[in-house]
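Raw coords_4.tsv, TSV, N, CA and C atoms:
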chain	number	residue	atom	x	y	z
A	7	GLN	N	-167.32	1.05	27.50
A	7	GLN	CA	-165.96	0.53	27.51
A	7	GLN	C	-165.21	0.90	26.25
A	8	VAL	N	-165.87	0.79	25.11
A	8	VAL	CA	-165.26	1.19	23.84
A	8	VAL	C	-166.27	2.05	23.10
A	9	GLN	N	-165.85	3.23	22.75
A	9	GLN	CA	-166.69	4.12	21.94
A	9	GLN	C	-166.01	4.34	20.60
A	10	LEU	N	-166.80	4.30	19.54
A	10	LEU	CA	-166.27	4.36	18.19
A	10	LEU	C	-166.92	5.50	17.43
A	11	VAL	N	-166.12	6.25	16.69
A	11	VAL	CA	-166.63	7.36	15.89
A	11	VAL	C	-166.04	7.27	14.50
A	12	GLU	N	-166.92	7.07	13.50
A	12	GLU	CA	-166.47	6.97	12.11
A	12	GLU	C	-166.40	8.34	11.46
A	13	SER	N	-165.57	8.43	10.43
A	13	SER	CA	-165.50	9.62	9.60
A	13	SER	C	-164.98	9.22	8.23
A	14	GLY	N	-165.15	10.11	7.26
A	14	GLY	CA	-164.58	9.88	5.95
A	14	GLY	C	-165.57	9.50	4.87
A	15	GLY	N	-166.82	9.30	5.24
A	15	GLY	CA	-167.81	8.98	4.22
A	15	GLY	C	-168.11	10.19	3.35
A	16	GLY	N	-168.90	9.95	2.30
A	16	GLY	CA	-169.26	11.04	1.42
A	16	GLY	C	-169.74	10.54	0.08
A	17	LEU	N	-169.81	11.47	-0.85
A	17	LEU	CA	-170.27	11.18	-2.21
A	17	LEU	C	-169.05	11.11	-3.14
A	18	VAL	N	-168.98	10.05	-3.92
A	18	VAL	CA	-167.86	9.87	-4.84
A	18	VAL	C	-168.38	9.24	-6.12
A	19	GLN	N	-167.71	9.51	-7.21
A	19	GLN	CA	-168.09	8.91	-8.48
A	19	GLN	C	-167.56	7.48	-8.57
A	20	ALA	N	-168.22	6.69	-9.36
A	20	ALA	CA	-167.76	5.32	-9.58
A	20	ALA	C	-166.32	5.34	-10.08
A	21	GLY	N	-165.53	4.42	-9.52
A	21	GLY	CA	-164.12	4.36	-9.86
A	21	GLY	C	-163.24	5.14	-8.91
A	22	GLY	N	-163.86	5.96	-8.08
A	22	GLY	CA	-163.11	6.78	-7.14
A	22	GLY	C	-162.75	6.03	-5.87
A	23	SER	N	-162.17	6.77	-4.93
A	23	SER	CA	-161.69	6.19	-3.68
A	23	SER	C	-162.17	7.00	-2.49
A	24	LEU	N	-162.30	6.33	-1.38
A	24	LEU	CA	-162.57	6.97	-0.09
A	24	LEU	C	-161.80	6.22	0.97
A	25	ARG	N	-161.45	6.94	2.02
A	25	ARG	CA	-160.81	6.31	3.18
A	25	ARG	C	-161.65	6.60	4.40
A	26	LEU	N	-162.18	5.55	4.98
A	26	LEU	CA	-162.94	5.69	6.21
A	26	LEU	C	-162.00	5.53	7.40
A	27	SER	N	-162.26	6.29	8.43
A	27	SER	CA	-161.51	6.18	9.68
A	27	SER	C	-162.48	5.94	10.82
A	28	CYS	N	-162.00	5.26	11.83
A	28	CYS	CA	-162.81	5.02	13.02
A	28	CYS	C	-161.91	5.19	14.23
A	29	ALA	N	-162.18	6.24	14.98
A	29	ALA	CA	-161.40	6.52	16.18
A	29	ALA	C	-162.10	5.92	17.39
A	30	ALA	N	-161.31	5.28	18.24
A	30	ALA	CA	-161.88	4.59	19.38
A	30	ALA	C	-161.34	5.13	20.69
A	31	SER	N	-162.17	5.06	21.70
A	31	SER	CA	-161.72	5.35	23.06
A	31	SER	C	-161.75	4.05	23.84
A	32	GLY	N	-160.95	3.97	24.87
A	32	GLY	CA	-160.94	2.75	25.66
A	32	GLY	C	-159.58	2.09	25.66
A	33	ARG	N	-159.18	1.60	26.82
A	33	ARG	CA	-157.83	1.06	26.96
A	33	ARG	C	-157.67	-0.31	26.34
A	34	THR	N	-158.77	-1.00	26.01
A	34	THR	CA	-158.67	-2.36	25.47
A	34	THR	C	-158.71	-2.41	23.96
A	35	PHE	N	-158.65	-1.27	23.31
A	35	PHE	CA	-158.75	-1.21	21.85
A	35	PHE	C	-157.75	-2.14	21.19
A	36	SER	N	-156.51	-2.09	21.63
A	36	SER	CA	-155.44	-2.83	20.96
A	36	SER	C	-155.56	-4.34	21.13
A	37	SER	N	-156.43	-4.80	22.01
A	37	SER	CA	-156.62	-6.23	22.24
A	37	SER	C	-157.81	-6.80	21.51
A	38	ARG	N	-158.56	-5.95	20.84
A	38	ARG	CA	-159.81	-6.38	20.22
A	38	ARG	C	-159.71	-6.48	18.71
A	39	ALA	N	-160.38	-7.49	18.17
A	39	ALA	CA	-160.58	-7.51	16.73
A	39	ALA	C	-161.54	-6.38	16.35
A	40	LEU	N	-161.39	-5.88	15.13
A	40	LEU	CA	-162.21	-4.79	14.64
A	40	LEU	C	-162.75	-5.15	13.26
A	41	ALA	N	-163.82	-4.52	12.89
A	41	ALA	CA	-164.41	-4.83	11.59
A	41	ALA	C	-165.16	-3.63	11.04
A	42	TRP	N	-165.35	-3.64	9.74
A	42	TRP	CA	-166.23	-2.72	9.07
A	42	TRP	C	-167.40	-3.52	8.50
A	43	PHE	N	-168.60	-3.02	8.77
A	43	PHE	CA	-169.82	-3.59	8.22
A	43	PHE	C	-170.49	-2.51	7.37
A	44	ARG	N	-171.44	-2.94	6.54
A	44	ARG	CA	-172.24	-1.97	5.81
A	44	ARG	C	-173.68	-2.45	5.71
A	45	GLN	N	-174.55	-1.47	5.56
A	45	GLN	CA	-175.97	-1.79	5.54
A	45	GLN	C	-176.71	-0.85	4.60
A	46	THR	N	-177.62	-1.42	3.82
A	46	THR	CA	-178.51	-0.63	2.97
A	46	THR	C	-179.93	-0.82	3.48
A	47	PRO	N	-180.82	0.10	3.16
A	47	PRO	CA	-182.19	0.02	3.67
A	47	PRO	C	-182.86	-1.31	3.36
A	48	GLY	N	-183.45	-1.91	4.38
A	48	GLY	CA	-184.18	-3.15	4.20
A	48	GLY	C	-183.32	-4.40	4.16
A	49	LYS	N	-182.03	-4.23	4.31
A	49	LYS	CA	-181.14	-5.39	4.25
A	49	LYS	C	-180.37	-5.56	5.55
A	50	GLU	N	-179.81	-6.73	5.73
A	50	GLU	CA	-179.03	-6.99	6.93
A	50	GLU	C	-177.69	-6.26	6.86
A	51	ARG	N	-177.12	-6.07	8.04
A	51	ARG	CA	-175.79	-5.48	8.13
A	51	ARG	C	-174.77	-6.57	7.85
A	52	ASP	N	-173.94	-6.37	6.85
A	52	ASP	CA	-172.99	-7.40	6.42
A	52	ASP	C	-171.55	-6.95	6.65
A	53	VAL	N	-170.72	-7.91	6.97
A	53	VAL	CA	-169.30	-7.61	7.16
A	53	VAL	C	-168.64	-7.31	5.83
A	54	VAL	N	-167.79	-6.32	5.84
A	54	VAL	CA	-167.01	-5.95	4.66
A	54	VAL	C	-165.57	-6.42	4.83
A	55	ALA	N	-165.00	-6.13	6.00
A	55	ALA	CA	-163.62	-6.50	6.29
A	55	ALA	C	-163.44	-6.57	7.80
A	56	ALA	N	-162.48	-7.38	8.22
A	56	ALA	CA	-162.19	-7.50	9.65
A	56	ALA	C	-160.69	-7.67	9.82
A	57	ILE	N	-160.22	-7.30	11.00
A	57	ILE	CA	-158.79	-7.35	11.28
A	57	ILE	C	-158.58	-7.80	12.72
A	58	ASN	N	-157.57	-8.63	12.93
A	58	ASN	CA	-157.35	-9.13	14.28
A	58	ASN	C	-156.64	-8.06	15.12
A	59	TRP	N	-156.39	-8.38	16.37
A	59	TRP	CA	-155.90	-7.39	17.32
A	59	TRP	C	-154.57	-6.78	16.91
A	60	SER	N	-153.70	-7.57	16.28
A	60	SER	CA	-152.37	-7.08	15.95
A	60	SER	C	-152.30	-6.47	14.55
A	61	GLY	N	-153.30	-6.76	13.74
A	61	GLY	CA	-153.27	-6.30	12.35
A	61	GLY	C	-152.63	-7.31	11.41
A	62	ALA	N	-152.18	-8.44	11.95
A	62	ALA	CA	-151.47	-9.43	11.12
A	62	ALA	C	-152.42	-10.25	10.26
A	63	ASN	N	-153.65	-10.40	10.70
A	63	ASN	CA	-154.62	-11.22	9.97
A	63	ASN	C	-155.85	-10.41	9.63
A	64	THR	N	-156.30	-10.57	8.40
A	64	THR	CA	-157.46	-9.83	7.93
A	64	THR	C	-158.43	-10.75	7.20
A	65	TYR	N	-159.64	-10.27	7.07
A	65	TYR	CA	-160.68	-10.98	6.32
A	65	TYR	C	-161.37	-9.96	5.43
A	66	TYR	N	-161.73	-10.40	4.22
A	66	TYR	CA	-162.49	-9.54	3.31
A	66	TYR	C	-163.66	-10.31	2.73
A	67	ALA	N	-164.80	-9.67	2.67
A	67	ALA	CA	-165.92	-10.23	1.93
A	67	ALA	C	-165.54	-10.28	0.46
A	68	ASP	N	-166.16	-11.19	-0.27
A	68	ASP	CA	-165.84	-11.32	-1.70
A	68	ASP	C	-166.00	-9.99	-2.44
A	69	SER	N	-166.98	-9.22	-2.04
A	69	SER	CA	-167.25	-7.95	-2.72
A	69	SER	C	-166.15	-6.92	-2.50
A	70	ALA	N	-165.34	-7.13	-1.45
A	70	ALA	CA	-164.30	-6.17	-1.09
A	70	ALA	C	-162.90	-6.60	-1.52
A	71	LYS	N	-162.74	-7.86	-1.82
A	71	LYS	CA	-161.40	-8.37	-2.14
A	71	LYS	C	-160.81	-7.66	-3.36
A	72	GLY	N	-159.57	-7.25	-3.20
A	72	GLY	CA	-158.86	-6.60	-4.28
A	72	GLY	C	-159.13	-5.11	-4.42
A	73	ARG	N	-160.15	-4.61	-3.71
A	73	ARG	CA	-160.49	-3.18	-3.82
A	73	ARG	C	-160.37	-2.45	-2.47
A	74	PHE	N	-160.67	-3.14	-1.38
A	74	PHE	CA	-160.68	-2.51	-0.06
A	74	PHE	C	-159.50	-3.04	0.76
A	75	THR	N	-159.00	-2.19	1.64
A	75	THR	CA	-157.95	-2.59	2.56
A	75	THR	C	-158.28	-2.10	3.95
A	76	ILE	N	-158.30	-3.02	4.91
A	76	ILE	CA	-158.50	-2.66	6.31
A	76	ILE	C	-157.15	-2.62	7.00
A	77	SER	N	-156.97	-1.64	7.85
A	77	SER	CA	-155.73	-1.53	8.61
A	77	SER	C	-156.04	-0.88	9.95
A	78	ARG	N	-155.10	-0.96	10.85
A	78	ARG	CA	-155.28	-0.37	12.17
A	78	ARG	C	-153.98	0.21	12.66
A	79	ASP	N	-154.10	1.23	13.49
A	79	ASP	CA	-152.96	1.84	14.17
A	79	ASP	C	-153.29	1.83	15.65
A	80	ASN	N	-152.75	0.87	16.35
A	80	ASN	CA	-153.09	0.74	17.77
A	80	ASN	C	-152.55	1.90	18.60
A	81	ALA	N	-151.48	2.52	18.14
A	81	ALA	CA	-150.95	3.68	18.86
A	81	ALA	C	-151.92	4.85	18.80
A	82	LYS	N	-152.71	4.91	17.74
A	82	LYS	CA	-153.67	6.00	17.56
A	82	LYS	C	-155.10	5.55	17.86
A	83	ASN	N	-155.28	4.30	18.27
A	83	ASN	CA	-156.62	3.78	18.53
A	83	ASN	C	-157.55	4.02	17.34
A	84	THR	N	-157.07	3.70	16.16
A	84	THR	CA	-157.83	3.99	14.94
A	84	THR	C	-157.77	2.81	13.99
A	85	VAL	N	-158.90	2.55	13.35
A	85	VAL	CA	-158.97	1.56	12.29
A	85	VAL	C	-159.42	2.27	11.02
A	86	TYR	N	-158.92	1.78	9.90
A	86	TYR	CA	-159.17	2.43	8.62
A	86	TYR	C	-159.77	1.43	7.62
A	87	LEU	N	-160.47	1.97	6.65
A	87	LEU	CA	-160.92	1.18	5.51
A	87	LEU	C	-160.64	2.00	4.26
A	88	GLN	N	-159.64	1.60	3.52
A	88	GLN	CA	-159.33	2.24	2.25
A	88	GLN	C	-160.16	1.55	1.17
A	89	MET	N	-160.96	2.33	0.47
A	89	MET	CA	-161.85	1.78	-0.54
A	89	MET	C	-161.49	2.37	-1.89
A	90	ASN	N	-161.09	1.51	-2.81
A	90	ASN	CA	-160.70	1.94	-4.16
A	90	ASN	C	-161.64	1.33	-5.19
A	91	VAL	N	-161.62	1.90	-6.36
A	91	VAL	CA	-162.46	1.43	-7.48
A	91	VAL	C	-163.90	1.23	-7.01
A	92	LEU	N	-164.43	2.25	-6.40
A	92	LEU	CA	-165.78	2.15	-5.83
A	92	LEU	C	-166.83	1.99	-6.91
A	93	LYS	N	-167.86	1.22	-6.55
A	93	LYS	CA	-168.96	0.93	-7.47
A	93	LYS	C	-170.27	1.43	-6.86
A	94	PRO	N	-171.27	1.70	-7.67
A	94	PRO	CA	-172.56	2.14	-7.12
A	94	PRO	C	-173.12	1.16	-6.08
A	95	GLU	N	-172.86	-0.11	-6.25
A	95	GLU	CA	-173.35	-1.11	-5.30
A	95	GLU	C	-172.63	-1.05	-3.95
A	96	ASP	N	-171.59	-0.26	-3.84
A	96	ASP	CA	-170.93	-0.05	-2.55
A	96	ASP	C	-171.65	0.99	-1.70
A	97	THR	N	-172.64	1.64	-2.29
A	97	THR	CA	-173.41	2.64	-1.56
A	97	THR	C	-174.10	2.01	-0.35
A	98	ALA	N	-173.84	2.57	0.82
A	98	ALA	CA	-174.39	2.01	2.06
A	98	ALA	C	-173.96	2.90	3.22
A	99	VAL	N	-174.52	2.62	4.37
A	99	VAL	CA	-173.99	3.18	5.61
A	99	VAL	C	-172.94	2.20	6.13
A	100	TYR	N	-171.77	2.72	6.40
A	100	TYR	CA	-170.66	1.89	6.86
A	100	TYR	C	-170.46	2.09	8.36
A	101	TYR	N	-170.34	0.97	9.07
A	101	TYR	CA	-170.17	0.99	10.52
A	101	TYR	C	-168.86	0.31	10.89
A	102	CYS	N	-168.14	0.89	11.82
A	102	CYS	CA	-167.03	0.14	12.40
A	102	CYS	C	-167.51	-0.50	13.70
A	103	ALA	N	-166.85	-1.58	14.04
A	103	ALA	CA	-167.28	-2.37	15.19
A	103	ALA	C	-166.07	-2.97	15.88
A	104	ALA	N	-166.19	-3.12	17.19
A	104	ALA	CA	-165.15	-3.74	18.00
A	104	ALA	C	-165.69	-5.04	18.59
A	105	HIS	N	-164.85	-6.05	18.59
A	105	HIS	CA	-165.25	-7.34	19.12
A	105	HIS	C	-165.71	-7.23	20.58
A	106	ARG	N	-166.74	-7.98	20.92
A	106	ARG	CA	-167.30	-7.88	22.26
A	106	ARG	C	-166.38	-8.44	23.33
A	107	GLY	N	-165.42	-9.30	22.97
A	107	GLY	CA	-164.51	-9.89	23.93
A	107	GLY	C	-163.09	-9.42	23.70
A	108	VAL	N	-162.31	-9.38	24.77
A	108	VAL	CA	-160.89	-9.01	24.65
A	108	VAL	C	-160.11	-10.31	24.67
A	109	LEU	N	-159.98	-10.94	23.51
A	109	LEU	CA	-159.48	-12.30	23.46
A	109	LEU	C	-158.13	-12.44	22.76
A	110	GLY	N	-157.69	-11.43	22.03
A	110	GLY	CA	-156.44	-11.55	21.29
A	110	GLY	C	-156.47	-12.67	20.29
A	111	LEU	N	-157.60	-12.84	19.60
A	111	LEU	CA	-157.77	-13.91	18.63
A	111	LEU	C	-156.83	-13.75	17.45
A	112	SER	N	-156.36	-14.87	16.94
A	112	SER	CA	-155.48	-14.84	15.78
A	112	SER	C	-156.26	-14.45	14.53
A	113	SER	N	-157.45	-15.06	14.37
A	113	SER	CA	-158.27	-14.75	13.20
A	113	SER	C	-159.43	-13.86	13.62
A	114	PRO	N	-159.70	-12.81	12.88
A	114	PRO	CA	-160.78	-11.92	13.28
A	114	PRO	C	-162.15	-12.55	13.05
A	115	PRO	N	-163.05	-12.42	14.00
A	115	PRO	CA	-164.42	-12.91	13.80
A	115	PRO	C	-165.11	-12.11	12.70
A	116	THR	N	-166.11	-12.74	12.08
A	116	THR	CA	-166.79	-12.08	10.98
A	116	THR	C	-168.30	-12.03	11.16
A	117	GLY	N	-168.79	-12.56	12.25
A	117	GLY	CA	-170.22	-12.57	12.49
A	117	GLY	C	-170.71	-11.29	13.13
A	118	LEU	N	-171.92	-10.90	12.74
A	118	LEU	CA	-172.50	-9.66	13.28
A	118	LEU	C	-172.53	-9.68	14.80
A	119	HIS	N	-172.90	-10.82	15.36
A	119	HIS	CA	-173.09	-10.89	16.81
A	119	HIS	C	-171.79	-11.11	17.58
A	120	ASP	N	-170.68	-11.21	16.87
A	120	ASP	CA	-169.37	-11.26	17.53
A	120	ASP	C	-168.96	-9.87	18.02
A	121	TYR	N	-169.61	-8.86	17.49
A	121	TYR	CA	-169.20	-7.48	17.76
A	121	TYR	C	-170.21	-6.79	18.65
A	122	GLY	N	-169.70	-6.20	19.72
A	122	GLY	CA	-170.60	-5.63	20.72
A	122	GLY	C	-170.54	-4.12	20.82
A	123	TYR	N	-169.62	-3.51	20.09
A	123	TYR	CA	-169.47	-2.06	20.16
A	123	TYR	C	-169.51	-1.51	18.74
A	124	TRP	N	-170.33	-0.49	18.54
A	124	TRP	CA	-170.59	0.02	17.20
A	124	TRP	C	-170.48	1.54	17.16
A	125	GLY	N	-170.00	2.02	16.02
A	125	GLY	CA	-170.05	3.45	15.77
A	125	GLY	C	-171.42	3.85	15.26
A	126	GLN	N	-171.57	5.14	15.00
A	126	GLN	CA	-172.87	5.65	14.59
A	126	GLN	C	-173.13	5.48	13.09
A	127	GLY	N	-172.09	5.13	12.35
A	127	GLY	CA	-172.22	4.93	10.91
A	127	GLY	C	-171.87	6.17	10.11
A	128	THR	N	-171.37	5.93	8.92
A	128	THR	CA	-171.06	7.02	8.00
A	128	THR	C	-171.55	6.62	6.60
A	129	GLN	N	-172.22	7.55	5.94
A	129	GLN	CA	-172.84	7.26	4.65
A	129	GLN	C	-171.79	7.34	3.54
A	130	VAL	N	-171.78	6.32	2.70
A	130	VAL	CA	-170.96	6.32	1.50
A	130	VAL	C	-171.92	6.20	0.31
A	131	THR	N	-171.83	7.14	-0.60
A	131	THR	CA	-172.69	7.13	-1.78
A	131	THR	C	-171.80	7.18	-3.01
A	132	VAL	N	-171.97	6.20	-3.89
A	132	VAL	CA	-171.18	6.12	-5.11
A	132	VAL	C	-172.11	6.35	-6.29
A	133	SER	N	-171.86	7.39	-7.03
A	133	SER	CA	-172.71	7.72	-8.18
A	133	SER	C	-172.15	7.10	-9.45
A	134	SER	N	-173.07	6.75	-10.33
A	134	SER	CA	-172.64	6.10	-11.58
A	134	SER	C	-172.37	7.12	-12.68
Encoded form using structure tokens:
Amino acid sequence: QVQLVESGGGLVQAGGSLRLSCAASGRTFSSRALAWFRQTPGKERDVVAAINWSGANTYYADSAKGRFTISRDNAKNTVYLQMNVLKPEDTAVYYCAAHRGVLGLSSPPTGLHDYGYWGQGTQVTVSS
């Protein structure tokens, strides 16, 4: 129903910036909340940022506040994660995800199991 493909990962020095993109297929994209998660080896996949269906409401993990910005373009079926002032601890595989329900929620869900559609992930490596 929804297929997601991330791009934009790579290697960057600490203090640098990257912009991740996630292109989606599916007619219900604009009705779903979207999120970016990240995962490092041996650890759980954690939410970084989430955005509701319209883009009016967003959520950021404490680690992302003030440095990352999530946005979406429903006309292009794309969600973005602008990451600034990157730190070595931001190194992870980043996944975009679409909410499992088409609910038009005002506030974006932030739980791992709220999301039923996942991209393949893109590696972000921040060198010190």
With distances taken over all atoms listed in the file, which of A:Ser134, A:Asn90, A:Asn58, A:Ser13 is nearest to A:Gly72?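 Closest to A:Gly72 of all the choices is A:Asn90.
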Quick one: DSSP strand (DSSP E) residues in chain A, as a PyMOL selection string? chain A and resi 9-13+16-19+24-31+40-45+52-57+64-66+74-79+84-89+98-105+121-124+128-133
Identify the residues within 12 Å of coordinate (-149.2, -8.4, 11.9) (same frame as the file), considering only C-alpha atoms, and give the answer as an MDAnalysis selection string. chainID A and resid 57:64 77:80 112:113
Please work out which residues fall within 7 Å of (-157.9, 3.9, 19.3), coordinates as given in the file, with all atoms listed in the file counting, and return them as a PyMOL selection string. chain A and resi 28-32+35-36+79-85
Excluding same-chain residues fewer than 6 positions from A:Gly15, what lies within 7 Å of it counting only N, CA and C atoms, as a list in words?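 So the residues in contact are Arg25, Leu26, Ser27, Thr128, Gln129, Val130 and Thr131 of chain A.
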So which one's closest to A:Val8, A:Ser69, A:Ser133, A:Thr34, A:Ser23? Using all atoms listed in the file, please.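 Comparing A:Ser69, A:Ser133, A:Thr34, A:Ser23 against A:Val8, the winner is A:Thr34.
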Given the choices A:Leu111, A:Leu24, A:Leu118, A:Cys102, which gets closest to A:Phe43 if the distance is worked out from only N, CA and C atoms?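 Nearest to A:Phe43: A:Cys102.
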Hey, what does DSSP flag as helix (DSSP H, G or I) within chain A? Can you give it to me as a VMD selection string? chain A and resid 35 to 37 94 to 96 118 to 120
Which value, in Å to one decimal, gives the distance between atom CA of A:Thr116 and atom CA of A:Tyr100?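 Computing it gives 15.1 Å between the two atoms.
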Atomic separation - atom C of A:Gly22 relative to atom N of A:Ala70, Å: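 Answer for the atom N of A:Ala70 to atom C of A:Gly22 separation: 14.1 Å.
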Would you list the contacts of A:Asp120 as a list in words, taking every protein, DNA or RNA residue within 12 Å and counting only C-alpha atoms, but skipping same-chain residues closer than 5 positions in sequence?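 My reading of the contact set: Arg38, Ala39, Leu40, Ala41, Val53, Ala56, Ala103, Ala104, His105, Arg106, Gly107, Val108, Leu109, Leu111, Pro114 and Pro115 of chain A.
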Which is closer to A:Thr97 than all the others in A:Leu10, A:Ala20, A:Ala55, A:Val132, using all atoms listed in the file?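 For A:Thr97, the nearest of the candidates is A:Val132.
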Which distance in Å separates atom C of A:Val54 and atom CA of A:Trp124, to one decimal?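 Between atom C of A:Val54 and atom CA of A:Trp124 the gap works out to 14.8 Å.
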Nearest to A:Gln7 by atom-to-atom distance, counting only N, CA and C atoms, from A:Tyr123, A:Gly48, A:Ile76, A:Gln88: A:Tyr123
Using only C-alpha atoms, which of A:Tyr65, A:Phe74, A:Tyr101, A:Tyr86 sits nearest A:Tyr121?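 Checking each candidate against A:Tyr121, we get A:Tyr101 as the closest.
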